[in-house]
Amino acid sequence: MPDHTEGEPDSVSGGSPADPAPPAPPRTEPGAAGTGEGAGGAHLAGRAGAPTSGLAPAQAAGAVRGGAPDGWDPKAWQAYQVRRQRAASGAWSVLPPAWVEAVRPAPAAPVSTAVLLAAMAAGLASGLFLGDGLGLGLLMAAVPAVIGAYLAARTARRRARAWSVTWALGCVALLGIPALRDADWPSALALLAAVLLGALALHGSRTWPGVLLSPFGFVDSGVLGIRWAWSGLRSRGSGVDRARWLPVVKATAVALVLLVLFGTLFASADAAFADLLDGLTPEISLGDGPVRVLLFLLGVVLALAAARAAAAPSRWDRVRIASGKPRSRIEWALPLIVLDLLFAGFNAVQLAVLFGGYDKVLESTGLTYAEYARQGFWQLLWATLLTLAVIALALRWAPRAGAGDRRFVRVVLGTLCALTLVVVASALRRMDLYVDAYGLTRLRVSVAAMELWLGLVIVLIMAAGAFGARLLPRAVAASMAAAVLAFGLLSPDGMVAETNVARFEQSGKLDLAYFQDLSADAVPALDRLPEPRRSCALRGINDDLSRRGPVPWYAVSLGEYRARQILRERPVTAPYEVCRSLGTFHSRIE
């Protein structure tokens with residue numbers, strides 16, 4: 001399949017509302033069958049335009065005089081002509097931009113009962129299990145939504161492609177991070193990455209605009225999903241459909257009544273069964289009722305949005321960015337060659353420092369060990385980010401008259417990428433020196449992980465220059481998601497604690513104050529410290545867990561469960577005065 005729709009212009013000029021220029025026609029791609037193709041990124045064959053139900057017959061007939069142009073689906077052309085006539089008559093002050101017409105999803109097939117039930121299950125799971133926190137409850141709320149999206153795509157005859165399956169599995173894996181880690185910050189990163197992968201799985205985006213804009217499709221799909229579900233519910237009010245679903249609703253209601261009735265009786269008859277039932281079922285009070293209702297509605301809306309997008313996704317790949325004007329070789333290459341020479345000179349100095357030793361450099365510069373390592377890292381991190389921006393702009397205005405220009409661009413930018421990798425290695429080396437001297441913190445592990453990912457992006461850019469850039473947007477998105485997933489699985493708070501404990505065992509240096517703000521993920525590593533430092537390091541985490549109180553099984557993370565178990569077996573024993581004398585409550589390190 002081609003990576004994008006053929007025949008669409010890079011940009012569409014605007015026009016007056018009375019006589020707008022028609023948008024680029026959505027083309028029917030070879031091999032498409034039925035109502036659409038796979039969820040892995042192929043466009044739907046013959047995209048239909050906006051629904052035209054309710055139009056007068058004369059309007060509909062006048063809209064299609066002369067037939068649809070080549071490449072246009074007749075329904076899409078009819079809908080566009082009707083909107084054009086309304087704009088000309090003054091019914092609309094403006095016509096939507098052409099790119100909105102290109103992105104707009106096709107009408108979806110009627111919503112199935114199974115999709116409605118899946119959305120209801122996702123809403124119930126959200127209301128019951130997310131009111132006390134995330135953990136396994138997030139997966140329990142997400143799985144019905146995933147099932148509903150799969151059923152909607154199957155009804156629309158959209159086949160799952162390899163990329164879509166990859167995005168979907170990655171999304172589910174990222175949603176499992178809150179069930180493993182107690183720290184909020186890796187969980188927040190995982191949720192953001194899961195939104196991106198979910199959008200890519202639903203909309204099948206392959207280009208840079210598609211990858212970057214796909215998450216915004218949840219807003220449009222949310223509105224369309226509500227309308228879609230409402231239309232389905234109204235249609236089920238007729239006699240035939242009503243006879244199908246009404247017995248299911250009655251049976252479900254009777255089952256719930258029997259479950260509550262006999263469950264209450266058995267719980268009152270046996271204390272052990274009552275304890276088991278209390279541990280398994282959520283505890284709901286009137287005070288948190290509004291929050292749970294809001295979570296229920298949010299879960300239903302998101303599940304319907306996912307199903308509606310799976311049935312008929314928005315086509316963000318049709319948003320095109322016009323290429324920049326090609327420059328001559330001299331105009332384009334001179335600044336980049338100068339930049340390459342600067343990078344080469346800097347890297348030569350780094351190699352000299354590496355082989356000449358840091359003591360000589362510190363003596364000649366007058367900097368301390370920490371100043372040299374810390375200051376250099378941040379500058380090199382910014383240099384890496386700016387280099388990526390330079391590469392993006394250089395590709396926009398690169399000369400492309402023939403094969404010779406393309407080889408010339410590859411050589412110049414490939415050299416810059418290779419030199420940037422040396423800068424990345426130098427930045428990571430400086431961070432390693434700084435950690436050896438002053439220990440590891442959340443900030444340091446985060447920026448080091450970001451620098452590693454930026455280095456991976458540069459490698460992907462070099463691979464795209466050698467083998468083609470068709471897969472580059474998806475490869476970068478996949479690398480970002482993989483980095484966030486690895487970051488959560490490795491437990492950054494646990495890494496911080498482990499590194500600082502190992503440093504204490506070697507040098508005897510330990511900042512107990514910093515540990516007070518870590519999450520429960522750090523408890524297994526801090527438990528190795530000797531008393532009273534162990535108790536002082538764990539005091540802040542122990543107090544935080546005590547304030548939380550008991551947490552239901554569906555809201556507790558594996559990190560918190562292990563921490564509670566360790567603190568229950570070996571409680572904090574050092575008194576406040578001893579911890580204060582060891583510097584536990586002094587200022588935190590950066």
# chains A, B, ... in the order shown; residues from 1 in each chain; ligands from 1
call {"tool": "residues_around", "arguments": {"residues": "Ala201 of chain A", "least_positions_apart": "2", "cutoff": "6 Å", "atoms": "only C-alpha atoms", "output": "list in words"}}
result
Ser164, Trp167, Ala168, Gly198, Ala199, His203 and Gly204 of chain A
call {"tool": "residues_around", "arguments": {"residues": "segment 137-151 of chain A", "least_positions_apart": "2", "cutoff": "6 Å", "atoms": "only C-alpha atoms", "output": "list in words"}}
result
Val115, Ala118, Ala122, Ala125, Ser126, Phe129, Leu130, Leu134, Gly135, Ala153, Arg154, Ala303, Ala306, Ala307, Ala310 and Tyr554 of chain A
call {"tool": "closest_residue", "arguments": {"among": "A:Leu485, A:Leu342, A:Met450, A:Glu531", "to": "Ala188 of chain A", "atoms": "only C-alpha atoms"}}
result
A:Leu485
call {"tool": "residues_around", "arguments": {"residues": "segment 388-392 of chain A", "least_positions_apart": "3", "cutoff": "8 Å", "atoms": "only C-alpha atoms", "output": "VMD selection string"}}
result
chain A and resid 384 to 385 395 to 396 413 458
call {"tool": "write_last_selection", "arguments": {"atoms": "N, CA and C atoms", "output": "mmCIF file, in the first residue's frame"}}
result
data_model
loop_
_atom_site.group_PDB
_atom_site.id
_atom_site.type_symbol
_atom_site.label_atom_id
_atom_site.label_comp_id
_atom_site.auth_asym_id
_atom_site.auth_seq_id
_atom_site.Cartn_x
_atom_site.Cartn_y
_atom_site.Cartn_z
ATOM 1 N N THR A 384 22.108 18.958 21.449
ATOM 2 C CA THR A 384 21.459 17.833 20.768
ATOM 3 C C THR A 384 20.076 18.218 20.269
ATOM 4 N N LEU A 385 19.293 18.896 21.114
ATOM 5 C CA LEU A 385 17.950 19.317 20.701
ATOM 6 C C LEU A 385 18.008 20.288 19.528
ATOM 7 N N LEU A 395 16.319 19.721 5.972
ATOM 8 C CA LEU A 395 15.596 18.835 5.063
ATOM 9 C C LEU A 395 14.481 19.574 4.331
ATOM 10 N N ARG A 396 13.909 20.572 4.971
ATOM 11 C CA ARG A 396 12.818 21.320 4.338
ATOM 12 C C ARG A 396 13.317 22.118 3.141
ATOM 13 N N LEU A 413 24.314 15.895 5.972
ATOM 14 C CA LEU A 413 23.517 15.651 7.171
ATOM 15 C C LEU A 413 23.961 14.378 7.897
ATOM 16 N N ILE A 458 18.515 10.206 16.500
ATOM 17 C CA ILE A 458 19.530 10.554 15.506
ATOM 18 C C ILE A 458 19.938 9.320 14.703
#
call {"tool": "residues_around", "arguments": {"residues": "Gly345 of chain A", "least_positions_apart": "6", "cutoff": "12 Å", "atoms": "only C-alpha atoms", "output": "list in words"}}
result
Val338, Leu339, Leu351, Ala352, Leu419, Val422 and Val423 of chain A
call {"tool": "atom_distance", "arguments": {"atom1": "atom CA of Asn500 of chain A", "atom2": "atom CA of Arg534 of chain A"}}
result
12.6 Å
call {"tool": "atom_distance", "arguments": {"atom1": "atom CA of Ala156 of chain A", "atom2": "atom CA of Arg308 of chain A"}}
result
10.2 Å
call {"tool": "atom_distance", "arguments": {"atom1": "atom CA of Gly324 of chain A", "atom2": "atom CA of Leu200 of chain A"}}
result
27.0 Å
